[in-house]
file target36.csv (CSV, C-alpha atoms)
chain,number,residue,atom,x,y,z
A,1,MET,CA,47.5,25.9,-23.3
A,2,ASP,CA,45.2,25.7,-26.3
A,3,LYS,CA,46.0,22.5,-28.1
A,4,SER,CA,44.8,23.6,-31.5
A,5,SER,CA,47.1,26.7,-31.7
A,6,GLY,CA,49.8,25.8,-29.2
A,7,LYS,CA,49.5,29.1,-27.4
A,8,THR,CA,49.0,29.7,-23.7
A,9,VAL,CA,45.5,30.9,-22.8
A,10,LYS,CA,45.2,33.2,-19.9
A,11,ASN,CA,41.9,33.1,-18.0
A,12,LYS,CA,40.2,36.5,-17.9
A,13,GLY,CA,38.2,37.5,-14.8
A,14,PHE,CA,38.6,37.9,-11.1
A,15,SER,CA,40.1,35.3,-8.7
A,16,LEU,CA,38.2,34.3,-5.5
A,17,LEU,CA,40.6,36.4,-3.4
A,18,GLU,CA,39.9,39.5,-5.4
A,19,VAL,CA,36.2,39.0,-5.2
A,20,LEU,CA,36.4,38.5,-1.4
A,21,LEU,CA,38.5,41.6,-1.0
A,22,GLY,CA,36.1,43.6,-3.1
A,23,ILE,CA,33.1,42.4,-1.0
A,24,ALA,CA,35.0,43.2,2.2
A,25,LEU,CA,35.7,46.8,1.1
A,26,VAL,CA,32.1,47.4,0.0
A,27,GLY,CA,30.9,46.0,3.3
A,28,ILE,CA,33.1,48.3,5.3
A,29,ALA,CA,31.9,51.3,3.2
A,30,MET,CA,28.3,50.3,3.8
A,31,LEU,CA,28.8,49.9,7.6
A,32,GLY,CA,30.1,53.5,7.7
A,33,LEU,CA,27.1,54.7,5.7
A,34,ALA,CA,24.7,52.8,8.0
A,35,GLN,CA,26.3,54.5,11.1
A,36,LEU,CA,26.0,57.9,9.4
A,37,PHE,CA,22.3,57.2,8.6
A,38,THR,CA,21.6,56.2,12.2
A,39,PHE,CA,23.3,59.3,13.5
A,40,SER,CA,21.3,61.4,11.1
A,41,ILE,CA,18.0,59.9,12.2
A,42,MET,CA,18.8,60.5,15.9
A,43,ASN,CA,19.8,64.1,15.2
A,44,ASN,CA,16.5,64.7,13.2
A,45,ALA,CA,14.5,63.3,16.1
A,46,ARG,CA,16.3,65.5,18.6
A,47,SER,CA,15.8,68.5,16.4
A,48,ASP,CA,12.0,67.7,16.1
A,49,ARG,CA,11.7,67.6,19.9
A,50,ILE,CA,13.4,70.9,20.4
A,51,THR,CA,11.4,72.5,17.6
A,52,ASN,CA,8.1,71.3,19.1
A,53,ALA,CA,9.2,72.5,22.6
A,54,THR,CA,10.1,76.0,21.3
A,55,PHE,CA,6.8,76.2,19.4
A,56,LEU,CA,4.9,75.4,22.7
A,57,ALA,CA,6.9,78.0,24.6
A,58,GLN,CA,6.2,80.6,21.9
A,59,GLN,CA,2.5,79.6,21.8
A,60,GLN,CA,2.3,80.3,25.6
A,61,ILE,CA,4.0,83.7,25.1
A,62,ASP,CA,1.4,84.6,22.4
A,63,PHE,CA,-1.4,83.6,24.7
A,64,LEU,CA,-0.1,85.7,27.6
A,65,ARG,CA,0.4,88.8,25.3
A,66,ASN,CA,-3.3,88.7,24.6
A,67,GLN,CA,-4.3,88.8,28.3
A,68,THR,CA,-5.4,91.9,30.2
A,69,ALA,CA,-3.4,93.3,33.1
A,70,ALA,CA,-6.0,91.9,35.6
A,71,ASP,CA,-5.6,88.4,34.0
A,72,LEU,CA,-1.8,88.6,34.2
A,73,GLN,CA,-2.0,89.6,37.8
A,74,LEU,CA,-4.1,86.5,38.5
A,75,LEU,CA,-1.8,84.3,36.5
A,76,ALA,CA,1.2,85.6,38.3
A,77,LEU,CA,0.0,84.2,41.7
A,78,ASN,CA,1.2,80.7,41.0
A,79,PRO,CA,3.3,79.0,38.3
A,80,ILE,CA,1.3,77.5,35.4
A,81,ASP,CA,2.2,73.8,35.1
A,82,GLU,CA,0.8,72.0,32.1
A,83,GLN,CA,1.2,68.5,30.7
A,84,ILE,CA,0.8,68.5,27.0
A,85,ASP,CA,-0.1,65.6,24.7
A,86,VAL,CA,0.8,66.9,21.3
A,87,ASN,CA,-0.6,64.1,19.1
A,88,SER,CA,-3.6,63.0,21.3
A,89,ASP,CA,-2.3,59.5,21.8
A,90,GLY,CA,-2.7,59.5,25.6
A,91,ILE,CA,1.0,59.9,26.3
A,92,ILE,CA,2.3,63.1,27.8
A,93,ASP,CA,4.9,64.5,25.3
A,94,PHE,CA,5.9,67.7,27.0
A,95,ARG,CA,5.6,69.6,30.3
A,96,ARG,CA,5.3,73.3,30.1
A,97,VAL,CA,6.0,75.5,33.2
A,98,THR,CA,5.3,79.2,33.0
A,99,GLU,CA,6.4,81.6,35.7
A,100,ILE,CA,5.1,85.2,35.7
A,101,GLN,CA,6.4,87.9,38.0
A,102,GLN,CA,4.9,91.4,38.2
A,103,THR,CA,7.2,94.5,38.5
A,104,GLY,CA,5.0,97.6,38.3
A,105,PHE,CA,3.3,97.7,35.0
A,106,TYR,CA,5.6,94.9,33.6
A,107,TRP,CA,5.4,91.2,33.8
A,108,ASN,CA,8.5,89.1,33.5
A,109,VAL,CA,7.6,85.8,31.9
A,110,ARG,CA,9.7,82.7,31.7
A,111,ILE,CA,8.5,79.5,30.0
A,112,ARG,CA,10.3,76.2,30.2
A,113,VAL,CA,9.4,73.1,28.3
A,114,TYR,CA,10.5,69.7,29.5
A,115,PRO,CA,10.1,66.2,28.1
A,116,GLY,CA,7.0,64.3,29.1
A,117,ALA,CA,9.1,61.9,31.2
A,118,GLN,CA,9.4,64.7,33.8
A,119,ALA,CA,5.6,64.7,34.5
A,120,ASP,CA,6.0,63.3,38.0
A,121,VAL,CA,8.5,65.8,39.3
A,122,SER,CA,7.1,68.4,41.7
A,123,THR,CA,6.6,71.9,40.2
A,124,ASN,CA,8.9,73.6,42.8
A,125,ASP,CA,11.6,71.0,42.2
A,126,ILE,CA,11.5,71.4,38.5
A,127,ILE,CA,11.7,75.2,38.7
A,128,GLN,CA,14.5,75.3,41.2
A,129,ASN,CA,16.6,72.5,39.5
A,130,SER,CA,15.6,72.9,35.9
A,131,SER,CA,19.1,71.9,34.5
A,132,LEU,CA,18.6,68.4,36.0
A,133,TYR,CA,15.5,67.6,34.0
A,134,LYS,CA,16.6,67.8,30.3
A,135,ILE,CA,15.0,71.1,29.5
A,136,ARG,CA,14.0,71.4,25.8
A,137,ALA,CA,13.1,75.1,25.6
A,138,ASP,CA,13.6,78.1,27.9
A,139,LEU,CA,12.1,81.4,26.7
A,140,SER,CA,11.9,84.6,28.6
A,141,THR,CA,10.1,87.9,27.7
A,142,VAL,CA,8.6,91.0,29.2
A,143,ILE,CA,5.0,92.0,28.8
A,144,SER,CA,3.9,95.5,29.6
A,145,ARG,CA,0.4,97.1,30.0
call {"tool": "encode", "arguments": {"input": "target36.csv", "output": "structure tokens"}}
result
Amino acid sequence: MDKSSGKTVKNKGFSLLEVLLGIALVGIAMLGLAQLFTFSIMNNARSDRITNATFLAQQQIDFLRNQTAADLQLLALNPIDEQIDVNSDGIIDFRRVTEIQQTGFYWNVRIRVYPGAQADVSTNDIIQNSSLYKIRADLSTVISR
């Protein structure tokens, strides 16, 4: 009560309870946004790995399309197994396995790209059980001469 005017004065502003409730609501909203941000970063990283693997497979197809029939016959003898360090940091980022099978004047080409963590798996095992090794890209094509 204001002594000079005799009227009751109401305090304007927020109570401690209202402030704490507001902070809690903002905190919950921020926690949801933080989870969404983390999920977004993980999806972008996964997308980047798949894009790089697909590029490596397409690069191998382009290389093989420029080969002669004699070169393709030689390459068809054994699977081509490569370990690829994309950014030259000394760590194997991808493993690319190329299989070529000749049928007359046609060569069936299948290229699979795996994560670098699969570098120690034998070539035959990774070809026969490719679904067990987190395949990143699997492209097939036919080349004719």
call {"tool": "closest_residue", "arguments": {"input": "target36.csv", "among": "A:Ala69, A:Leu56, A:Ala117, A:Ile28", "to": "Ile91 (chain A)", "atoms": "only C-alpha atoms"}}
result
A:Ala117
call {"tool": "residues_around", "arguments": {"input": "target36.csv", "residues": "Gln73 (chain A)", "least_positions_apart": "5", "cutoff": "12 Å", "atoms": "only C-alpha atoms", "output": "PyMOL selection string"}}
result
chain A and resi 64+67-68+78-79+99-109+143-145
call {"tool": "atom_distance", "arguments": {"input": "target36.csv", "atom1": "CA of Asp138 (chain A)", "atom2": "CA of Val113 (chain A)"}}
result
6.5 Å
call {"tool": "closest_residue", "arguments": {"input": "target36.csv", "among": "A:Leu139, A:Arg110, A:Asn124, A:Val86", "to": "Arg49 (chain A)", "atoms": "all atoms listed in the file"}}
result
A:Val86
call {"tool": "atom_distance", "arguments": {"input": "target36.csv", "atom1": "CA of Ile84 (chain A)", "atom2": "CA of Asp71 (chain A)"}}
result
22.0 Å
call {"tool": "atom_distance", "arguments": {"input": "target36.csv", "atom1": "CA of Ile61 (chain A)", "atom2": "CA of Asn129 (chain A)"}}
result
22.2 Å
call {"tool": "build_atoms", "arguments": {"input": "target36.csv", "residues": "region 52-68 of chain A", "atoms": "N, CA and C atoms", "output": "CSV table (one decimal), in the frame of the given file"}}
result
chain,number,residue,atom,x,y,z
A,52,ASN,N,9.4,71.4,18.5
A,52,ASN,CA,8.1,71.3,19.1
A,52,ASN,C,8.1,72.1,20.5
A,53,ALA,N,9.1,71.9,21.3
A,53,ALA,CA,9.2,72.5,22.6
A,53,ALA,C,9.2,74.1,22.4
A,54,THR,N,10.0,74.5,21.5
A,54,THR,CA,10.1,76.0,21.3
A,54,THR,C,8.8,76.5,20.8
A,55,PHE,N,8.1,75.8,19.9
A,55,PHE,CA,6.8,76.2,19.4
A,55,PHE,C,5.8,76.3,20.6
A,56,LEU,N,5.8,75.3,21.5
A,56,LEU,CA,4.9,75.4,22.7
A,56,LEU,C,5.2,76.5,23.6
A,57,ALA,N,6.5,76.9,23.8
A,57,ALA,CA,6.9,78.0,24.6
A,57,ALA,C,6.4,79.3,23.9
A,58,GLN,N,6.6,79.4,22.6
A,58,GLN,CA,6.2,80.6,21.9
A,58,GLN,C,4.7,80.8,21.9
A,59,GLN,N,4.0,79.6,21.8
A,59,GLN,CA,2.5,79.6,21.8
A,59,GLN,C,2.0,80.2,23.1
A,60,GLN,N,2.7,79.8,24.2
A,60,GLN,CA,2.3,80.3,25.6
A,60,GLN,C,2.6,81.8,25.7
A,61,ILE,N,3.7,82.3,25.1
A,61,ILE,CA,4.0,83.7,25.1
A,61,ILE,C,2.9,84.5,24.3
A,62,ASP,N,2.5,84.0,23.2
A,62,ASP,CA,1.4,84.6,22.4
A,62,ASP,C,0.1,84.7,23.2
A,63,PHE,N,-0.2,83.6,23.9
A,63,PHE,CA,-1.4,83.6,24.7
A,63,PHE,C,-1.4,84.6,25.8
A,64,LEU,N,-0.2,84.7,26.5
A,64,LEU,CA,-0.1,85.7,27.6
A,64,LEU,C,-0.1,87.2,27.1
A,65,ARG,N,0.4,87.4,25.9
A,65,ARG,CA,0.4,88.8,25.3
A,65,ARG,C,-1.0,89.3,25.1
A,66,ASN,N,-1.9,88.3,24.9
A,66,ASN,CA,-3.3,88.7,24.6
A,66,ASN,C,-4.2,88.8,25.9
A,67,GLN,N,-3.6,88.7,27.1
A,67,GLN,CA,-4.3,88.8,28.3
A,67,GLN,C,-4.3,90.2,28.8
A,68,THR,N,-5.3,90.6,29.6
A,68,THR,CA,-5.4,91.9,30.2
A,68,THR,C,-4.5,92.0,31.4
